[in-house]
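Participant: What follows is run-v2.tsv, made up of TSV, C-alpha atoms:
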chain	number	residue	atom	x	y	z
A	1	MET	CA	92.38	-86.77	210.78
A	2	ARG	CA	91.09	-83.30	210.04
A	3	THR	CA	91.12	-82.02	206.46
A	4	ALA	CA	92.56	-78.75	205.20
A	5	THR	CA	93.64	-77.00	202.03
A	6	THR	CA	95.72	-73.96	201.05
A	7	VAL	CA	94.80	-71.13	198.67
A	8	GLU	CA	96.49	-67.94	197.54
A	9	GLY	CA	94.78	-64.70	196.58
A	10	SER	CA	96.99	-64.20	193.55
A	11	GLY	CA	97.22	-67.81	192.44
A	12	ALA	CA	96.52	-69.25	189.02
A	13	ALA	CA	92.77	-68.90	189.49
A	14	SER	CA	91.00	-65.55	189.65
A	15	PHE	CA	90.29	-64.21	193.13
A	16	GLN	CA	86.55	-64.77	192.81
A	17	GLU	CA	87.15	-68.35	191.67
A	18	THR	CA	89.37	-68.87	194.72
A	19	VAL	CA	86.61	-67.55	196.97
A	20	THR	CA	84.09	-69.87	195.33
A	21	PHE	CA	86.46	-72.78	195.86
A	22	VAL	CA	86.75	-72.00	199.59
A	23	VAL	CA	82.99	-71.50	200.04
A	24	GLU	CA	82.27	-74.81	198.31
A	25	ALA	CA	85.04	-76.56	200.24
A	26	GLU	CA	83.32	-75.53	203.46
A	27	LYS	CA	80.11	-77.13	202.19
A	28	LEU	CA	82.05	-80.34	201.51
A	29	GLY	CA	82.99	-80.47	205.19
A	30	LEU	CA	86.58	-79.27	204.98
A	31	ASP	CA	87.89	-78.27	208.41
A	32	VAL	CA	90.61	-75.68	207.73
A	33	CYS	CA	91.62	-73.32	204.92
A	34	TRP	CA	95.14	-71.88	205.02
A	35	VAL	CA	95.96	-68.78	202.98
A	36	ALA	CA	99.49	-68.49	201.58
A	37	GLU	CA	101.38	-65.25	201.15
A	38	ALA	CA	104.76	-66.18	199.62
A	39	TRP	CA	105.63	-63.49	197.04
A	40	GLY	CA	102.10	-62.90	195.76
A	41	SER	CA	99.10	-61.27	197.39
A	42	ASP	CA	99.10	-60.61	201.11
A	43	ALA	CA	97.30	-63.19	203.22
A	44	VAL	CA	95.69	-60.85	205.76
A	45	SER	CA	93.38	-59.14	203.26
A	46	VAL	CA	92.30	-62.47	201.79
A	47	LEU	CA	91.62	-63.95	205.24
A	48	GLY	CA	89.46	-60.98	206.17
A	49	TYR	CA	87.37	-61.43	203.03
A	50	LEU	CA	87.02	-65.17	203.57
A	51	ALA	CA	85.96	-64.60	207.18
A	52	ALA	CA	82.92	-62.75	205.84
A	53	ARG	CA	82.10	-65.44	203.27
A	54	THR	CA	82.35	-68.52	205.50
A	55	ASP	CA	80.64	-69.63	208.71
A	56	ARG	CA	82.31	-72.73	210.13
A	57	LEU	CA	85.67	-73.15	208.40
A	58	LEU	CA	88.82	-72.45	210.40
A	59	LEU	CA	90.97	-69.88	208.58
A	60	GLY	CA	94.73	-69.73	208.95
A	61	SER	CA	97.65	-67.72	207.66
A	62	GLY	CA	99.84	-70.24	205.92
A	63	VAL	CA	102.13	-68.40	206.39
A	64	LEU	CA	102.95	-64.83	207.37
A	65	GLN	CA	106.70	-64.38	207.13
A	66	VAL	CA	108.61	-63.51	210.30
A	67	GLY	CA	110.46	-60.26	209.68
A	68	THR	CA	108.22	-58.69	207.04
A	69	ARG	CA	105.93	-57.35	209.79
A	70	SER	CA	106.87	-56.33	213.30
A	71	PRO	CA	105.78	-58.77	216.04
A	72	VAL	CA	103.20	-56.25	217.25
A	73	ALA	CA	101.84	-55.79	213.71
A	74	LEU	CA	101.42	-59.58	213.56
A	75	ALA	CA	99.55	-59.47	216.86
A	76	GLN	CA	97.29	-56.68	215.56
A	77	ALA	CA	96.46	-58.70	212.46
A	78	ALA	CA	95.83	-61.86	214.50
A	79	LEU	CA	93.52	-60.11	216.96
A	80	THR	CA	91.59	-58.44	214.14
A	81	LEU	CA	91.18	-61.64	212.13
A	82	ALA	CA	90.17	-63.66	215.18
A	83	ASP	CA	87.50	-61.06	215.95
A	84	MET	CA	86.28	-60.85	212.34
A	85	SER	CA	85.99	-64.63	212.07
A	86	ASP	CA	84.34	-65.12	215.48
A	87	GLY	CA	87.31	-67.07	216.82
A	88	ARG	CA	88.07	-69.15	213.71
A	89	PHE	CA	91.55	-67.77	213.03
A	90	LEU	CA	94.83	-69.73	213.25
A	91	LEU	CA	98.09	-67.76	213.15
A	92	GLY	CA	100.66	-69.49	210.97
A	93	LEU	CA	104.19	-68.08	210.83
A	94	GLY	CA	107.35	-69.04	208.96
A	95	THR	CA	110.82	-67.67	208.32
A	96	SER	CA	110.65	-68.14	204.52
A	97	GLY	CA	114.17	-68.16	203.02
A	98	PRO	CA	116.98	-65.78	202.10
A	99	GLN	CA	115.82	-65.21	198.52
A	100	VAL	CA	112.36	-63.94	199.49
A	101	MET	CA	113.42	-62.15	202.67
A	102	GLU	CA	116.54	-60.48	201.35
A	103	GLY	CA	115.91	-60.47	197.60
A	104	LEU	CA	112.29	-59.28	197.76
A	105	HIS	CA	111.73	-57.62	201.14
A	106	GLY	CA	115.24	-56.37	201.86
A	107	VAL	CA	115.08	-57.89	205.34
A	108	PRO	CA	118.15	-59.76	206.63
A	109	PHE	CA	117.63	-63.50	206.94
A	110	ALA	CA	120.23	-63.71	209.71
A	111	ARG	CA	119.38	-65.46	212.99
A	112	PRO	CA	116.00	-66.90	211.95
A	113	LEU	CA	115.79	-69.04	215.10
A	114	THR	CA	116.38	-66.08	217.41
A	115	ARG	CA	114.07	-63.84	215.42
A	116	THR	CA	111.27	-66.41	215.51
A	117	ARG	CA	111.57	-67.10	219.25
A	118	GLU	CA	111.57	-63.39	220.05
A	119	THR	CA	108.64	-62.75	217.72
A	120	ILE	CA	106.58	-65.42	219.48
A	121	GLU	CA	107.42	-64.06	222.92
A	122	ILE	CA	106.45	-60.51	221.92
A	123	LEU	CA	103.33	-61.76	220.13
A	124	ARG	CA	102.08	-63.63	223.15
A	125	SER	CA	102.63	-60.62	225.36
A	126	ALA	CA	100.69	-58.40	222.94
A	127	LEU	CA	97.86	-60.93	222.51
A	128	ALA	CA	97.50	-61.15	226.28
A	129	GLY	CA	96.97	-57.41	226.52
A	130	GLU	CA	100.21	-56.73	228.38
A	131	LYS	CA	102.35	-53.64	228.12
A	132	ILE	CA	105.04	-54.63	225.66
A	133	ARG	CA	108.56	-54.56	227.03
A	134	TYR	CA	111.26	-56.56	225.30
A	135	ASP	CA	115.04	-56.41	225.20
A	136	GLY	CA	116.33	-59.10	222.89
A	137	ALA	CA	118.98	-59.73	220.27
A	138	ALA	CA	116.68	-58.91	217.36
A	139	HIS	CA	113.97	-56.76	218.95
A	140	THR	CA	113.94	-53.94	221.47
A	141	ILE	CA	110.58	-52.51	222.52
A	142	PRO	CA	110.30	-49.69	223.33
A	143	LEU	CA	113.39	-48.16	221.74
A	144	PRO	CA	115.61	-46.14	224.07
A	145	GLY	CA	114.60	-42.52	224.42
A	146	GLU	CA	111.40	-40.83	225.44
A	147	SER	CA	109.05	-43.67	224.44
A	148	ARG	CA	107.25	-45.74	227.08
A	149	PRO	CA	105.83	-49.27	226.94
A	150	MET	CA	102.34	-49.51	225.44
A	151	ARG	CA	99.65	-52.15	225.15
A	152	LEU	CA	97.28	-52.72	222.25
A	153	SER	CA	93.82	-51.24	222.68
A	154	ALA	CA	92.18	-54.28	221.04
A	155	ARG	CA	90.47	-56.80	223.31
A	156	PRO	CA	93.07	-59.38	224.47
A	157	ASN	CA	92.89	-62.89	223.04
A	158	PRO	CA	95.81	-65.00	224.28
A	159	ASP	CA	94.29	-68.26	223.01
A	160	ILE	CA	94.77	-67.72	219.26
A	161	PRO	CA	96.46	-70.96	218.10
A	162	LEU	CA	100.01	-70.47	216.81
A	163	TYR	CA	101.41	-72.67	214.04
A	164	LEU	CA	104.98	-72.68	212.73
A	165	ALA	CA	106.08	-73.78	209.27
A	166	THR	CA	109.51	-75.25	209.89
A	167	MET	CA	111.89	-77.76	208.33
A	168	SER	CA	115.37	-77.55	209.88
A	169	PRO	CA	116.15	-79.49	213.08
A	170	LYS	CA	116.54	-76.45	215.35
A	171	MET	CA	113.40	-74.79	214.02
A	172	LEU	CA	111.48	-78.04	214.43
A	173	ALA	CA	112.60	-78.23	218.07
A	174	LEU	CA	111.42	-74.64	218.56
A	175	THR	CA	108.06	-75.65	217.08
A	176	GLY	CA	107.71	-78.48	219.58
A	177	GLU	CA	108.65	-76.14	222.40
A	178	LEU	CA	106.44	-73.13	221.61
A	179	ALA	CA	103.80	-73.79	218.95
A	180	ASP	CA	100.29	-75.22	218.97
A	181	GLY	CA	100.74	-76.74	215.52
A	182	TRP	CA	103.31	-77.63	212.88
A	183	LEU	CA	102.81	-76.78	209.20
A	184	GLY	CA	105.04	-79.27	207.44
A	185	THR	CA	105.96	-79.99	203.85
A	186	SER	CA	108.23	-82.34	201.88
A	187	PHE	CA	106.88	-85.06	204.17
A	188	VAL	CA	107.81	-88.71	203.65
A	189	PRO	CA	106.08	-90.74	206.39
A	190	GLU	CA	108.64	-93.54	206.14
A	191	GLY	CA	111.47	-91.11	206.93
A	192	ALA	CA	109.59	-88.66	209.14
A	193	ALA	CA	110.54	-90.17	212.51
A	194	GLU	CA	114.19	-89.22	212.12
A	195	ALA	CA	113.86	-86.24	209.79
A	196	TYR	CA	111.07	-84.41	211.63
A	197	PHE	CA	109.51	-86.03	214.69
A	198	ALA	CA	112.73	-86.60	216.62
A	199	HIS	CA	113.34	-82.85	216.61
A	200	LEU	CA	109.72	-81.92	217.30
A	201	ASP	CA	109.64	-84.35	220.20
A	202	ALA	CA	112.87	-82.92	221.62
A	203	GLY	CA	111.21	-79.51	221.77
A	204	LEU	CA	108.03	-80.93	223.23
A	205	THR	CA	109.95	-82.77	225.94
A	206	ALA	CA	111.98	-79.66	226.81
A	207	ALA	CA	108.72	-77.78	227.36
A	208	GLY	CA	107.11	-80.60	229.36
A	209	ARG	CA	104.63	-81.30	226.57
A	210	THR	CA	103.61	-84.32	224.51
A	211	ARG	CA	102.66	-84.96	220.89
A	212	ALA	CA	99.01	-84.51	221.88
A	213	ASP	CA	99.78	-80.81	222.46
A	214	LEU	CA	100.82	-80.29	218.83
A	215	ASP	CA	98.60	-80.40	215.74
A	216	VAL	CA	100.74	-82.03	213.03
A	217	CYS	CA	99.44	-80.57	209.76
A	218	GLN	CA	101.02	-81.99	206.60
A	219	GLY	CA	100.26	-81.07	203.01
A	220	ALA	CA	100.45	-82.79	199.66
A	221	GLU	CA	98.90	-82.74	196.22
A	222	VAL	CA	96.01	-85.17	195.85
A	223	CYS	CA	95.28	-86.51	192.39
A	224	PHE	CA	93.34	-89.61	191.37
A	225	ALA	CA	94.40	-91.82	188.46
A	226	ALA	CA	92.06	-94.26	186.79
A	227	ASP	CA	94.78	-96.83	186.07
A	228	GLU	CA	98.55	-97.42	186.02
A	229	GLU	CA	98.96	-95.81	182.59
A	230	GLU	CA	97.33	-92.56	183.70
A	231	LEU	CA	99.30	-92.66	186.95
A	232	ALA	CA	102.59	-92.90	185.04
A	233	ALA	CA	101.68	-89.82	183.00
A	234	ILE	CA	100.71	-87.85	186.12
A	235	VAL	CA	103.93	-88.72	187.91
A	236	ALA	CA	106.04	-87.79	184.89
A	237	ASP	CA	104.30	-84.42	184.76
A	238	ARG	CA	105.12	-83.73	188.44
A	239	ARG	CA	108.87	-84.27	188.18
A	240	ARG	CA	109.64	-80.72	187.10
A	241	GLY	CA	107.76	-79.20	190.02
A	242	LEU	CA	109.72	-81.31	192.48
A	243	ALA	CA	112.95	-80.43	190.68
A	244	PHE	CA	112.12	-76.75	191.21
A	245	SER	CA	111.65	-77.34	194.95
A	246	LEU	CA	114.97	-79.18	195.18
A	247	GLY	CA	116.93	-76.89	192.90
A	248	GLY	CA	115.23	-73.52	192.64
A	249	MET	CA	113.71	-72.74	196.05
A	250	GLY	CA	115.83	-70.60	198.37
A	251	SER	CA	119.25	-69.46	197.26
A	252	SER	CA	122.12	-71.24	195.58
A	253	SER	CA	123.51	-72.21	199.00
A	254	THR	CA	120.38	-72.43	201.19
A	255	ASN	CA	117.49	-74.73	200.23
A	256	PHE	CA	115.48	-76.16	203.12
A	257	TYR	CA	113.44	-78.40	200.82
A	258	ASN	CA	116.58	-80.00	199.45
A	259	ALA	CA	117.91	-80.55	202.96
A	260	ALA	CA	114.63	-82.15	204.05
A	261	TYR	CA	114.70	-84.63	201.17
A	262	GLY	CA	118.32	-85.34	202.01
A	263	ARG	CA	117.41	-86.28	205.59
A	264	GLN	CA	114.75	-88.65	204.27
A	265	GLY	CA	117.02	-90.80	202.12
A	266	TRP	CA	117.59	-88.87	198.90
A	267	ALA	CA	120.67	-86.80	199.72
A	268	ASP	CA	122.62	-87.82	196.61
A	269	VAL	CA	119.88	-87.32	194.06
A	270	ALA	CA	118.71	-84.11	195.74
A	271	ALA	CA	122.24	-82.71	195.52
A	272	ARG	CA	122.50	-83.62	191.84
A	273	VAL	CA	119.09	-82.10	191.06
A	274	HIS	CA	120.16	-78.90	192.80
A	275	GLU	CA	123.42	-78.79	190.84
A	276	ARG	CA	121.69	-79.28	187.48
A	277	TRP	CA	118.98	-76.70	188.25
A	278	GLN	CA	121.45	-74.07	189.42
A	279	ALA	CA	123.46	-74.66	186.25
A	280	GLY	CA	120.36	-73.85	184.18
A	281	ASP	CA	119.68	-77.44	183.07
A	282	ARG	CA	116.01	-77.62	184.09
A	283	ASP	CA	115.21	-80.66	181.95
A	284	GLY	CA	118.24	-82.51	183.24
A	285	ALA	CA	117.26	-81.74	186.83
A	286	ALA	CA	113.71	-82.99	186.27
A	287	ALA	CA	115.00	-86.19	184.66
A	288	LEU	CA	116.85	-87.07	187.86
A	289	VAL	CA	113.68	-87.02	189.96
A	290	THR	CA	112.40	-90.57	190.44
A	291	ASP	CA	108.83	-91.86	190.49
A	292	GLU	CA	109.41	-92.96	194.08
A	293	MET	CA	110.28	-89.41	195.14
A	294	VAL	CA	107.08	-88.03	193.61
A	295	LEU	CA	104.81	-90.69	195.09
A	296	ALA	CA	106.45	-90.64	198.53
A	297	THR	CA	105.58	-87.00	199.20
A	298	THR	CA	102.18	-86.77	197.48
A	299	LEU	CA	98.75	-88.37	197.57
A	300	ILE	CA	98.76	-89.34	193.91
A	301	GLY	CA	97.44	-92.67	192.71
A	302	THR	CA	94.34	-94.77	192.24
A	303	GLU	CA	91.67	-94.36	194.90
A	304	ASP	CA	92.89	-97.50	196.67
A	305	MET	CA	96.47	-96.20	196.60
A	306	VAL	CA	95.47	-92.81	198.04
A	307	ARG	CA	93.36	-94.44	200.74
A	308	ALA	CA	96.28	-96.68	201.73
A	309	ARG	CA	98.65	-93.74	201.71
A	310	LEU	CA	96.36	-91.73	203.98
A	311	ARG	CA	96.44	-94.58	206.48
A	312	VAL	CA	100.24	-94.47	206.39
A	313	TRP	CA	100.16	-90.71	207.04
A	314	ARG	CA	97.80	-91.17	209.98
A	315	ALA	CA	99.94	-93.95	211.45
A	316	ALA	CA	103.03	-91.74	211.10
A	317	GLY	CA	101.45	-89.10	213.31
A	318	VAL	CA	99.62	-86.68	210.99
A	319	ASP	CA	96.62	-85.04	212.67
A	320	THR	CA	95.50	-82.73	209.83
A	321	VAL	CA	96.06	-83.49	206.16
A	322	ARG	CA	96.39	-80.44	203.92
A	323	LEU	CA	94.98	-81.36	200.51
A	324	TYR	CA	96.06	-79.63	197.28
A	325	PRO	CA	93.49	-81.02	194.83
A	326	ALA	CA	94.52	-81.42	191.21
A	327	GLY	CA	92.22	-80.35	188.39
A	328	ASP	CA	92.18	-78.23	185.25
A	329	ASP	CA	89.27	-76.08	186.42
A	330	LEU	CA	87.23	-75.25	189.50
A	331	ASP	CA	84.77	-78.12	189.12
A	332	ALA	CA	87.57	-80.64	188.67
A	333	ARG	CA	89.45	-79.41	191.73
A	334	LEU	CA	86.30	-79.51	193.85
A	335	THR	CA	85.51	-83.01	192.62
A	336	THR	CA	89.00	-84.16	193.59
A	337	LEU	CA	88.72	-82.46	196.96
A	338	ALA	CA	85.34	-84.06	197.65
A	339	ARG	CA	86.73	-87.53	196.92
A	340	ALA	CA	89.72	-86.92	199.15
A	341	VAL	CA	87.62	-85.60	202.05
A	342	GLU	CA	85.45	-88.68	201.87
A	343	LEU	CA	88.50	-90.94	201.92
A	344	VAL	CA	89.84	-89.19	205.02
A	345	ARG	CA	86.46	-89.57	206.74
A	346	GLY	CA	86.40	-93.23	205.79
A	347	ILE	CA	89.66	-94.04	207.53
A	348	GLY	CA	88.57	-92.22	210.71
Would you mind writing the file out in structure tokens?

Facilitator:
Amino acid sequence: MRTATTVEGSGAASFQETVTFVVEAEKLGLDVCWVAEAWGSDAVSVLGYLAARTDRLLLGSGVLQVGTRSPVALAQAALTLADMSDGRFLLGLGTSGPQVMEGLHGVPFARPLTRTRETIEILRSALAGEKIRYDGAAHTIPLPGESRPMRLSARPNPDIPLYLATMSPKMLALTGELADGWLGTSFVPEGAAEAYFAHLDAGLTAAGRTRADLDVCQGAEVCFAADEEELAAIVADRRRGLAFSLGGMGSSSTNFYNAAYGRQGWADVAARVHERWQAGDRDGAAALVTDEMVLATTLIGTEDMVRARLRVWRAAGVDTVRLYPAGDDLDARLTTLARAVELVRGIG
């Protein structure tokens, strides 16, 4: 398995500390660094800066939200970042959710599947250096009138790898059909065959492709406990974060994280967590989250437990493991990351 991590320019750490973390992670042998955008700093600026501070590390947008930039603007950013990084850029896209898209950007969340497919088709045309002509349900280029089709003046680069961050069955099938990689989350290897891979494989088959054509990149927090007592304390501390994902992400009616947990065996508890969180009972929602739920979707445990869990992830079909190292400061996070990278190397 390859190793990766994700950072954000406006995260808890200062920007310079984030840069130091990425530079040191490269020295540790990390393979990929994804840069999140979410509702904080933009990812493109951060990726450009990191391209100048690193030499070997692959750099990816994890993710740019479909709809907040035009498809051609995404292509411009991808071509620029690929050139700046000497070919080390990976383009990661995602639809986000209605709260961020409509509540923050004022962009309709309607027809995310159609919008994503059309965006990819326009992107690939622009990256290939073609004149851009498109007449779809969500995009029309050029608009009717006096305008004529244009092509980008940047040097074409049709081989920039495209990753999609998807969770719902139809979006997963689209990922298998069109993408070079899948950026997944809320991953339970024991339930992944039905919840995720069946839909990815349907898309792959429809496109005449196989699993070997798709980089399965899954992420989870990694945290090492010295013993069972420390592990219990760590797990208890993580319940509220998972409750937020199940109850607070998305809108009151649309939560892709909750749906993903539901497809992996926790439909009842996920529904109750969502109900408590939406009612304002944060503590009650967190209390419903079980130890099993926390451990199933993370790499938390003793070193032997994490090593065993990584083997389970690999056997389930994960090609790249995205590590979110725990730690109270930069040194602690790098120490955790170094241990995790070594474990991944050790299992092959």

Participant: Can you measure CA of Pro169 in chain A to CA of His199 in chain A for me? One decimal in Å is fine.

Facilitator: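 Interatomic distance, CA of Pro169 in chain A to CA of His199 in chain A: 5.6 Å.
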
Participant: Of the candidates A:Trp39, A:Tyr49, A:Tyr257, A:Tyr324, which one gets nearest to Val19 in chain A if we count all atoms listed in the file?

Facilitator: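 Among the listed residues, A:Tyr49 lies closest to Val19 in chain A.
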
Participant: Identify, on the basis of all atoms listed in the file, every residue whose closest approach to Leu200 in chain A does not exceed 6 Å; exclude the query and any residue fewer than 2 positions from it along the same chain; express the result as number ranges by chain.

Facilitator: A: 172-173, 176, 197-198, 202-203

Participant: Applying 12 Å and all atoms listed in the file, which residues near Ala52 in chain A remain after dropping the ones on its own chain fewer than 2 positions away? List them as a list in words.

Facilitator: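 The residues that qualify are Val19, Val22, Val23, Ser45, Val46, Leu47, Gly48, Tyr49, Leu50, Thr54, Asp55, Arg56, Leu57, Leu59, Leu81, Ala82, Asp83, Met84, Ser85, Asp86 and Arg88 of chain A.
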
Participant: Measure the distance from CA of Ala51 in chain A to CA of Phe89 in chain A in Å and round it to one decimal.

Facilitator: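 We find that CA of Ala51 in chain A and CA of Phe89 in chain A lie 8.7 Å from each other.
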
Participant: Anything within 10 Å of (101.5, -82.0, 207.8): list those residues as a list in words, counting all atoms listed in the file and sticking to the file's coordinates.

Facilitator: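 Within 10 Å of (101.5, -82.0, 207.8), the protein and nucleic acid residues are Ala4, Ala165, Gly181, Trp182, Leu183, Gly184, Thr185, Ser186, Phe187, Pro189, Asp215, Val216, Cys217, Gln218, Gly219, Ala220, Trp313, Gly317, Val318, Asp319, Thr320, Val321, Arg322 and Leu323 of chain A.
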
Participant: Store the residues of this selection in a file with C-alpha atoms, as a PDB file, in the coordinates of the input.

Facilitator:
ATOM      1  CA  ALA A   4      92.560 -78.750 205.200  1.00  0.00           C
ATOM      2  CA  ALA A 165     106.080 -73.780 209.270  1.00  0.00           C
ATOM      3  CA  GLY A 181     100.740 -76.740 215.520  1.00  0.00           C
ATOM      4  CA  TRP A 182     103.310 -77.630 212.880  1.00  0.00           C
ATOM      5  CA  LEU A 183     102.810 -76.780 209.200  1.00  0.00           C
ATOM      6  CA  GLY A 184     105.040 -79.270 207.440  1.00  0.00           C
ATOM      7  CA  THR A 185     105.960 -79.990 203.850  1.00  0.00           C
ATOM      8  CA  SER A 186     108.230 -82.340 201.880  1.00  0.00           C
ATOM      9  CA  PHE A 187     106.880 -85.060 204.170  1.00  0.00           C
ATOM     10  CA  PRO A 189     106.080 -90.740 206.390  1.00  0.00           C
ATOM     11  CA  ASP A 215      98.600 -80.400 215.740  1.00  0.00           C
ATOM     12  CA  VAL A 216     100.740 -82.030 213.030  1.00  0.00           C
ATOM     13  CA  CYS A 217      99.440 -80.570 209.760  1.00  0.00           C
ATOM     14  CA  GLN A 218     101.020 -81.990 206.600  1.00  0.00           C
ATOM     15  CA  GLY A 219     100.260 -81.070 203.010  1.00  0.00           C
ATOM     16  CA  ALA A 220     100.450 -82.790 199.660  1.00  0.00           C
ATOM     17  CA  TRP A 313     100.160 -90.710 207.040  1.00  0.00           C
ATOM     18  CA  GLY A 317     101.450 -89.100 213.310  1.00  0.00           C
ATOM     19  CA  VAL A 318      99.620 -86.680 210.990  1.00  0.00           C
ATOM     20  CA  ASP A 319      96.620 -85.040 212.670  1.00  0.00           C
ATOM     21  CA  THR A 320      95.500 -82.730 209.830  1.00  0.00           C
ATOM     22  CA  VAL A 321      96.060 -83.490 206.160  1.00  0.00           C
ATOM     23  CA  ARG A 322      96.390 -80.440 203.920  1.00  0.00           C
ATOM     24  CA  LEU A 323      94.980 -81.360 200.510  1.00  0.00           C
TER      25      LEU A 323
END

Participant: Any idea what's packed within 8 Å of range 332-336 of chain A, counting all atoms listed in the file, ignoring anything in its chain fewer than 6 positions away? Could you give it as a VMD selection string?

Facilitator: chain A and resid 21 24 to 25 222 to 224 325 to 326

Participant: Which residues, written as an mmCIF file with C-alpha atoms, in the frame of the given file, have at least one atom at most 9 Å from range 98-110 of chain A, with only C-alpha atoms counted and residues fewer than 4 positions away on the same chain left out?

Facilitator:
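around03.cif written:
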data_model
loop_
_atom_site.group_PDB
_atom_site.id
_atom_site.type_symbol
_atom_site.label_atom_id
_atom_site.label_comp_id
_atom_site.auth_asym_id
_atom_site.auth_seq_id
_atom_site.Cartn_x
_atom_site.Cartn_y
_atom_site.Cartn_z
ATOM 1 C CA ALA A 38 104.760 -66.180 199.620
ATOM 2 C CA TRP A 39 105.630 -63.490 197.040
ATOM 3 C CA GLN A 65 106.700 -64.380 207.130
ATOM 4 C CA GLY A 67 110.460 -60.260 209.680
ATOM 5 C CA THR A 68 108.220 -58.690 207.040
ATOM 6 C CA THR A 114 116.380 -66.080 217.410
ATOM 7 C CA ARG A 115 114.070 -63.840 215.420
ATOM 8 C CA MET A 249 113.710 -72.740 196.050
ATOM 9 C CA GLY A 250 115.830 -70.600 198.370
ATOM 10 C CA SER A 251 119.250 -69.460 197.260
ATOM 11 C CA THR A 254 120.380 -72.430 201.190
#

Participant: CA of Ile120 in chain A and CA of Arg53 in chain A, how far apart in Å?

Facilitator: 29.4 Å

Participant: For Ala233 in chain A, which residue out of A:Leu178, A:Leu143, A:Ala36, A:Ile300 is the nearest one, using all atoms listed in the file?

Facilitator: A:Ile300

Participant: From the set A:Ala179, A:Leu246, A:Leu204, A:Ala225, which residue has the shortest atom-to-atom contact distance to Asp268 in chain A, counting only C-alpha atoms?

Facilitator: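 Answer, going by the shortest atom-to-atom distance: A:Leu246.
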
Participant: Which of these, A:Asp42, A:Asp237, A:Glu146, A:Glu177, has the shortest distance to Thr205 in chain A once you count all atoms listed in the file?

Facilitator: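 The shortest atom-to-atom distance to Thr205 in chain A comes from A:Glu177.
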
Participant: I need the residue nearest Pro71 in chain A from this list: A:Asp159, A:Asp331, A:Glu118, A:Asp31. Use all atoms listed in the file for the distance.

Facilitator: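 The shortest atom-to-atom distance to Pro71 in chain A comes from A:Glu118.
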
Participant: Smallest atom-to-atom distance to Leu123 in chain A: which of A:Ala78, A:Ala260, A:Met171, A:Ala137, using only C-alpha atoms?

Facilitator: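 Residue with the minimum atom-to-atom distance to Leu123 in chain A: A:Ala78.
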